[in-house]
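Here is the structure we will look at.
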Amino acid sequence: MQCAPPCFRLLSKAFVVLMCLSRGAAIAAEWSGSASISPSLTYTDNVCLTKDDKKGDFTGVALLTPAGSISHKTRKSSFSASGSVQVNTLTDGELRDNGCTGTQIENREKFFPTLSARGSTVLIDDWLKVDVAGRADQNEITFGLPGGGDDLDRTGNTNTFYRYSIAPTLSHRLKNNAKYNLRYGYDQVINTADTLSNSSRHIVRANLQSGQSSQLNWNLLGNYTKVSYEDGFFNQISGQFQPRQDTELRSVRLQLGHRISRRWQVNGSYGWEFNDIQTFNNADTDGQAWDIGVLWTPTRRTSVSLGSGDRFFGSTPRLNITHQRKRNTFSANYNKTITFRRDITTGGNSLVEGIGINASLGTESAILDERGTLSWTYGGRYASMSLNGSYSQQTRAIDGAKGVFKNVAFTYSPMLSQSYSVSATVTYDEDEPAGFVGLPNVQDFAGSRSWIYNVNFSKPINNRLSASITYQFTDRQSDTNFNEYQENRVIATLNINL
């Protein structure tokens, strides 16, 4: 389903609406922007990404990447957009000439957008505002297979998605005693891969909360979410094709918090859920939901929040730590939540602010995601470093399939000279099937483990030109020989600021 022009038109609708709404404030607008173009050459010794067909000599591919950004700001509105679109000279015929095989080669993506935009405008002061956002990017079609998300898409395992959202919010403060919010959000995900179903979501959120001055604060919340998919699904357990039901999540809850001192606060919540989720064992997805925890802020730079509770799927422990110093920042997070593949892989866990793409089970049903993440950065006089890691154990509601996804990346950048820069990154990715609930020996995708080593050297030539060269080695191991490969890749790039 090649839908690039229609998808771009859909993606632009939300921004047209926003700019029309903010037209009256355009007199005081402040605009800024930038543009660049980057021709590059990529050489790879394994263009097919296979174990058996690895070539001893290098295959060269030319690429061209125009990029840019633009921003606009007034007293009542703001808008920003940035990104790039990459095209390359690799053809299906060239892949076949190199001995590449596979049924997905004909479905390769021909261009690779990486675009994001967001905007906000106030229609009525202290009453009504509208947020919009859009994104175009790539993700994998089938996790556990090689080539997904690769910027050359040599195996046809890459999907281009287009996502946009619009969310008007009605809010008003009732003197100093309380504030209410009513927010409606609509977002849609459109995929170019025929095997992935397009989807849409409606969200209504309402809350009435206390003022901020009291030691005792409260918040009464209601939430309604409806997720719809266009296509049905194949049930791995029953072996039958079934229509897909909409998923509806409904909840009401009361949150309470009491600040004991400057450093300590006790918080908790209690409420009920009324969900309609398609499950493999017709499990009860309704019932009470509660949580209790503490917030500890020993300094203005350190915050620790932890707690636990219970929902229809079991216990819900949670942890959030943030710490900032002059040269160090650290954060860690752990929680269990109900989400969807459409949100995990397109960065849409938030209506407007979702970023990042992560691995997920292949499904259009709801997913129970038990996830832990950590991030550490250090910026010193002689070097900078960063460490990022994530662990996600996912369970599909529709058939009980389980999968575990792990990722760790470490980057080191020494300050060797002011005339050039060097950085090195080591990444480890692991995707492992965990069977099905009650059927641990049944799996629907192969596990894989990948080490990726990356070294980059870049040097500015003048105010408009800079050059870089990158070497990357990938070692992928899998439960099946079909998914294993090693690749050496060299990328030479010239960046031109327009």
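Residues in the structure tokens are numbered from 1 in each chain, the chains being A, B, ... in the order shown, and ligands are numbered from 1 in the order shown.
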Picked from region 240-471 of chain A by DSSP as alpha helix (DSSP H), as a ChimeraX atom specification: /A:341-344
Selection near region 363-370 of chain A, 8 Å with only C-alpha atoms, sequence-local residues under 3 positions removed, as a ChimeraX atom specification: /A:197,229,233,247,277-278,334-342,392-398
Contact residues around Leu498 (chain A) with only C-alpha atoms at 12 Å, ignoring same-chain residues under 3 positions, as a PyMOL selection string: chain A and resi 33-38+66-69+463-465+495
Non-local contacts of Ile461 (chain A) (12 Å; only C-alpha atoms; under 4 positions in same chain excluded) as an NGL selection string: :A and (419-420 or 465-468 or 494-497)
Near-Lys73 (chain A) list (7 Å; only C-alpha atoms; drop same-chain fewer than 4 positions) as a list in words: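 Selected residues are Ala29, Glu30, Trp31, Ser77, Ser78 and Phe79 of chain A.
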Shell around region 135-152 of chain A at 6 Å using only C-alpha atoms, local window under 6 positions removed, as a list in words: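 After dropping sequence-adjacent residues, the list is Pro113, Thr114, Leu115, Ser116, Thr158, Asn159, Thr160, Phe161, Tyr162, Arg163, Ala446, Gly447 and Asn483 of chain A.
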Test item, strand (DSSP E) assignment across region 259-475 of chain A, answer as JSON, numbers by chain: {"A": [259, 264, 265, 266, 267, 268, 269, 270, 271, 272, 273, 287, 288, 289, 290, 291, 292, 293, 294, 295, 296, 297, 298, 299, 302, 303, 304, 305, 306, 307, 308, 309, 310, 311, 314, 315, 318, 319, 320, 321, 322, 323, 324, 328, 329, 330, 331, 332, 333, 334, 335, 336, 337, 338, 339, 340, 366, 367, 368, 369, 370, 371, 372, 373, 374, 375, 376, 377, 378, 379, 383, 384, 385, 386, 387, 388, 389, 390, 391, 392, 393, 394, 395, 396, 401, 402, 403, 404, 405, 406, 407, 408, 409, 410, 411, 412, 413, 414, 421, 422, 423, 424, 425, 426, 427, 428, 429, 430, 431, 432, 433, 434, 435, 436, 448, 449, 450, 451, 452, 453, 454, 455, 456, 457, 458, 459, 460, 465, 466, 467, 468, 469, 470, 471, 472, 473, 474, 475]}
Find the residues near Ser478 (chain A): any atom within 12 Å, counting only C-alpha atoms, skip ones fewer than 6 places away on the same chain, and give them as a PDB file with C-alpha atoms, in the first residue's frame.
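Once written, around02.pdb looks like this:
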ATOM      1  CA  THR A  50      22.344 -12.864   5.021  1.00  0.00           C
ATOM      2  CA  LYS A  51      24.751 -15.397   6.486  1.00  0.00           C
ATOM      3  CA  GLY A 144      12.838 -10.885  14.732  1.00  0.00           C
ATOM      4  CA  LEU A 145      13.689 -10.581  11.013  1.00  0.00           C
ATOM      5  CA  PRO A 146      16.746  -8.688   9.703  1.00  0.00           C
ATOM      6  CA  ASP A 429      19.828  -5.488  21.143  1.00  0.00           C
ATOM      7  CA  GLU A 430      18.026  -8.666  22.152  1.00  0.00           C
ATOM      8  CA  ASP A 431      14.574  -9.836  21.074  1.00  0.00           C
ATOM      9  CA  GLU A 432      13.398 -13.097  22.612  1.00  0.00           C
ATOM     10  CA  PRO A 433      10.075 -14.928  22.364  1.00  0.00           C
ATOM     11  CA  PHE A 445       8.939 -15.383  15.917  1.00  0.00           C
ATOM     12  CA  ALA A 446      12.641 -16.222  16.228  1.00  0.00           C
ATOM     13  CA  GLY A 447      14.845 -14.641  18.856  1.00  0.00           C
ATOM     14  CA  SER A 448      17.894 -12.585  17.924  1.00  0.00           C
ATOM     15  CA  ARG A 449      20.875 -10.932  19.595  1.00  0.00           C
ATOM     16  CA  SER A 450      22.847  -8.137  17.930  1.00  0.00           C
ATOM     17  CA  TRP A 451      26.054  -6.269  18.746  1.00  0.00           C
ATOM     18  CA  GLU A 484      22.008 -14.324  11.181  1.00  0.00           C
ATOM     19  CA  TYR A 485      24.536 -12.083   9.456  1.00  0.00           C
ATOM     20  CA  GLN A 486      27.640  -9.942   9.884  1.00  0.00           C
TER      21      GLN A 486
END
Counting only C-alpha atoms, the option among A:Asp92, A:Glu106, A:Asp291, A:Asp286 closest to Leu254 (chain A): A:Asp291
Shortest interatomic distance to Asn281 (chain A) - which of A:Asp187, A:Gln324, A:Phe457, A:Gly400, counting only C-alpha atoms: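 Comparing A:Asp187, A:Gln324, A:Phe457, A:Gly400 against Asn281 (chain A), the winner is A:Gly400.
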Gap from CA of Trp218 (chain A) to CA of Ser120 (chain A) - Å, one decimal: 27.8 Å
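If you look at CA of Glu487 (chain A) and CA of Asp475 (chain A), they are 6.8 Å away from each other.
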